[in-house]
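One structure is given here, and the rest of the page talks about it.
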Amino acid sequence: MAKYQQYEQYKESGVEWLGNIPSHWEVVPIKHLAILNPKKSTLSQDLMSDECSFVPMEKLKFNSLVLNEKKVIKDVYDGYTYFENEDILVAKVTPCFENNNTTIARDLINGVGFGSSEIFVLRVNDKVNNRYLFYRLLETIFISVATAAMTGAGGLRRVPAEIINTYPIAVPDINEQTQIANFLDHETAQIDTLIEKQQTLIQLLKEKRQAVISHAVTKGLSPDAPMKDSGVEWLGEVPEHWIVKRLKYISPKVGVGLVINPSTYTQDEGVYFIFGGDVKAFSFDLTKTRRISQKNSDILKPSQLHHRDLVSIRVGYPGVTAVVTEELEGANCASIIIIRRGQFNSDWLCAAMNIWVGKQQVNNASYGAAQKQFNVSDAIEFIFPVPPESEQNDIAVYVEESLKKFDELSNKAQLQIELLRERRTALISAAVTGKIDVRGWQGTEVDAL
């Protein structure tokens with residue numbers, strides 16, 4: 001923020017977390033600037049048979065509102081939150097509130113919307129610019145104070161209405177508020193554009209990684225290798241010396257983890273007890289893994305895991321596959337596909353499962369509406385192009401190096417996104433609390449971020 005000027009004079013705000021504010025700003029509770037949750041009685045009865053925009057909780061995001069649902073007003077009048085164009089919408093429940101799921105409603109059908117009861121609505125008066133108040137509600141200290149005051153338990157914790165109403169903010173006159181809002185619109189739009197470019201880069205890297213690995217697994221590493229028709233229409237050509245095999249002829253055994261009452265074996269200590277949520281593509285997330293006693297794991301031999309076995313998610317995100325690490329030797333698992341190690345390179349087969357060759361077959365075999373899943377009886381029939389073991393080893397090394405390279409590039413892009421978001425947050429906080437003076441900003445500057 002060093003490039004921005006400060007105000008010439010400041011005064012003590014009288015509010016601990018506000019500190020000093022520009023000398024001409026005033027401290028006002030939000031309830032003097034906006035009505036919290038306007039009464040539905042202000043809505044014209046003539047509109048009851050008209051349509052309105054309908055907004056479930058998941059469609060309120062940071063500075064955006066997904067408007068792809070509509071309802072008849074009389075059908076949602078009772079039990080839902082009412083709002084109109086230019087109202088500020090704030091998610092009141094955790095974690096949506098902490099994630100800044102706040103926006104200004106615009107482009108509503110007939111200018112009217114109804115949505116989740118977990119949304120606060122703020123309708124400003126003529127003392128405040130709604131865009132200024134929108135940005136003020138994104139300020140980090142406000143978020144911290146409101147989060148600390150949440151009531152309820154677990155995932156149902158909510159910000160009390162009184163916290164919003166009584167929260168004191170510092171405000172300049174309406175013209176200066178508008179100038180600050182214009183400045184933040186411009187600057188945050190530039191930052192958001194850069195964030196979007198980094199997000200696009202990450203997506204392109206994912207696609208490129210998938211393409212590189214897919215080519216290695218289905219065509220090999222030698223560009224000069226003679227090719228042949230695989231005999232499988234969707235697979236196309238494969239290197240001439242490769243053999244197309246079903247999974248039941250590649251692995252000595254394909255089974256499934258414990259499916260009957262796995263919770264009865266769960267305890268706080270023991271060896272790892274792997275569930276589908278612990279399996280990621282090419283790796284595991286062991287931060288929240290359940291445990292099972294070594295004794296029970298040894299008894300439950302069919303679902304016990306060994307180093308270099310493969311496990312694949314069966315329910316939820318079917319087909320996502322990882323190789324069992326040495327750390328998981330002797331662990332056990334519940335309701336996931338187990339592909340036993342055999343005369344093949346486990347990392348090579350893991351790559352084949354995680355690219356389109358495996359994914360396509362998993363998708364074709366999957367069933368279920370709420371949660372997709374597939375069965376062992378389908379898995380054993382999956383078809384893969386199998387190179388000689390020496391080539392499997394080379395492909396496995398190539399895939400590992402490729403994953404590392406693409407992950408490093410993606411991590412750099414993600415770090416840039418985090419830094420840009422931090423800059424956006426800091427810029428908003430500085431502008432709406434008077435730490436920087438943007439009254440002279442012209443709106444034509446292009447800042448180097």
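By convention in this document, the chains of the structure tokens carry letters A, B, ... by their order, each chain's residues are numbered from 1, and ligands are numbered from 1 in the order they are shown.
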Non-local contacts of Asn101 of chain A (12 Å; only C-alpha atoms; under 5 positions in same chain excluded) as an MDAnalysis selection string: chainID A and resid 57:66 88:96 118:120 134:135 137:138 143
Looking only at helix (DSSP H, G or I) from DSSP on the backbone, list the matching residues of segment 255-341 of chain A as a count of residues only. 19
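The residue that comes closest to Met48 of chain A, out of A:Asn110, A:Trp25, A:Lys295, A:Gln179 and on the basis of only C-alpha atoms, is A:Asn110.
Around Lys70 of chain A, within 12 Å and counting only C-alpha atoms, the residues found are Asp50, Glu51, Cys52, Ser53, Phe54, Val55, Pro56, Val66, Asp75, Val76, Leu108, Ile109, Asn110, Val112, Gly113, Phe114 and Gly115 of chain A, once anything fewer than 4 positions away on its own chain is removed.
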Counting only C-alpha atoms, figure out which residue out of A:Ala369, A:Leu194, A:Leu204, A:Ala396 gets nearest to Phe282 of chain A. A:Ala396
If you count only C-alpha atoms, which residues fall within 7 Å of Ser346 of chain A, apart from same-chain ones fewer than 2 positions away, as number ranges by chain? A: 308, 310, 323, 341, 344, 348-350
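Closest to Leu286 of chain A among A:Met150, A:Leu33, A:Val238, A:Leu328 is A:Leu328, based on only C-alpha atoms.
Of the residues listed (A:Ser303, A:Gln5, A:Ser222, A:Thr103), A:Ser303 shows the shortest atom-to-atom separation from Gly255 of chain A; distances use only C-alpha atoms.
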Would you list the contacts of Thr287 of chain A as a PDB file with C-alpha atoms, in the first residue's frame, taking every protein, DNA or RNA residue within 12 Å and counting only C-alpha atoms, but skipping same-chain residues closer than 4 positions in sequence?
```
ATOM      1  CA  TYR A 272      -4.543 -46.911   9.207  1.00  0.00           C
ATOM      2  CA  PHE A 273      -8.091 -47.776   8.158  1.00  0.00           C
ATOM      3  CA  ILE A 274      -8.430 -46.363   4.640  1.00  0.00           C
ATOM      4  CA  GLY A 277     -12.134 -40.126   1.047  1.00  0.00           C
ATOM      5  CA  ASP A 278      -8.496 -40.809   1.941  1.00  0.00           C
ATOM      6  CA  VAL A 279      -7.569 -41.790  -1.635  1.00  0.00           C
ATOM      7  CA  ARG A 291      -7.701 -46.377  12.632  1.00  0.00           C
TER       8      ARG A 291
END
```
Filtered DSSP result for segment 170-317 of chain A, state strand (DSSP E or B), as a compact mmCIF listing (two decimals) with C-alpha atoms, in the first residue's frame:
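And here's out.txt as it stands now:
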```
# COMPACT_ATOMS: atom_id res chain seq x y z
CA ALA A 170 -16.33 4.65 9.87
CA VAL A 171 -17.87 6.44 6.89
CA MET A 227 1.96 -49.43 -34.13
CA LYS A 228 -0.89 -51.91 -34.50
CA ASP A 229 -4.65 -51.87 -34.13
CA GLU A 237 -3.56 -48.09 -32.05
CA VAL A 238 -0.95 -49.26 -29.54
CA PRO A 239 2.73 -50.16 -29.94
CA ILE A 243 -0.41 -56.85 -25.38
CA VAL A 244 -3.98 -55.80 -24.65
CA LYS A 245 -5.18 -57.50 -21.46
CA ARG A 246 -8.08 -57.40 -19.05
CA VAL A 254 -8.99 -57.75 -7.60
CA GLY A 255 -11.19 -57.43 -4.53
CA VAL A 256 -13.01 -54.92 -2.37
CA LEU A 258 -14.60 -54.30 4.10
CA GLN A 267 -10.93 -46.81 16.86
CA VAL A 271 -2.96 -48.98 11.93
CA TYR A 272 -4.54 -46.91 9.21
CA PHE A 273 -8.09 -47.78 8.16
CA ILE A 274 -8.43 -46.36 4.64
CA VAL A 279 -7.57 -41.79 -1.64
CA LYS A 280 -6.38 -39.14 -4.10
CA SER A 283 -1.46 -40.35 -3.44
CA PHE A 284 -3.23 -40.49 -0.08
CA ARG A 290 -9.54 -43.64 10.75
CA ARG A 291 -7.70 -46.38 12.63
CA ILE A 292 -8.19 -50.10 13.16
CA GLN A 304 -5.71 -55.88 4.40
CA LEU A 310 -3.37 -50.40 -5.68
CA VAL A 311 -6.58 -49.02 -4.23
CA SER A 312 -9.29 -47.30 -6.26
CA ILE A 313 -12.27 -45.36 -4.98
CA VAL A 315 -18.11 -44.93 -4.33
```
Could I get the residues of segment 87-191 of chain A with an atom no further than 12 Å from an atom of segment 410-433 of chain A, each paired with its nearest atom pair and that distance in Å to one decimal, using only C-alpha atoms, sorted by chain and residue number, as a tab-separated table?
```
residue	atom	partner	partner_atom	distance
A:Asn99	CA	A:Thr425	CA	11.8
A:Asn100	CA	A:Thr425	CA	10.4
A:Asn129	CA	A:Val432	CA	11.9
A:Arg131	CA	A:Val432	CA	10.8
A:Tyr132	CA	A:Val432	CA	7.5
A:Leu133	CA	A:Val432	CA	8.7
A:Phe134	CA	A:Val432	CA	10.0
A:Tyr135	CA	A:Ile428	CA	6.5
A:Arg136	CA	A:Val432	CA	5.8
A:Leu137	CA	A:Val432	CA	9.4
A:Leu138	CA	A:Ile428	CA	7.5
A:Glu139	CA	A:Ser429	CA	4.9
A:Thr140	CA	A:Ser429	CA	6.7
A:Ile141	CA	A:Ser429	CA	8.5
A:Phe142	CA	A:Ser429	CA	9.7
A:Ile143	CA	A:Ser429	CA	11.0
A:Pro168	CA	A:Thr433	CA	11.4
A:Ile169	CA	A:Thr433	CA	8.1
A:Ala170	CA	A:Thr433	CA	6.6
A:Val171	CA	A:Val432	CA	7.9
A:Pro172	CA	A:Val432	CA	9.4
A:Glu176	CA	A:Val432	CA	10.5
A:Gln177	CA	A:Val432	CA	8.4
A:Thr178	CA	A:Val432	CA	11.1
A:Gln179	CA	A:Ala431	CA	10.2
A:Ile180	CA	A:Ala431	CA	6.6
A:Ala181	CA	A:Val432	CA	8.7
A:Asn182	CA	A:Ala431	CA	11.0
A:Phe183	CA	A:Ala431	CA	8.7
A:Leu184	CA	A:Ile428	CA	6.7
A:Asp185	CA	A:Ile428	CA	9.8
A:His186	CA	A:Arg424	CA	11.3
A:Glu187	CA	A:Arg424	CA	8.2
A:Thr188	CA	A:Arg424	CA	6.1
A:Ala189	CA	A:Arg424	CA	9.5
A:Gln190	CA	A:Arg424	CA	9.7
A:Ile191	CA	A:Leu420	CA	6.4
```
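Separating atom CA of Thr81 of chain A from atom CA of Leu122 of chain A is a distance of 11.5 Å.
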For each of A:Arg106, A:Lys31, A:Arg123, A:Lys253, take the minimum atom-to-atom distance to Ile163 of chain A, counting only C-alpha atoms, then give the residue where this is smallest. A:Lys31
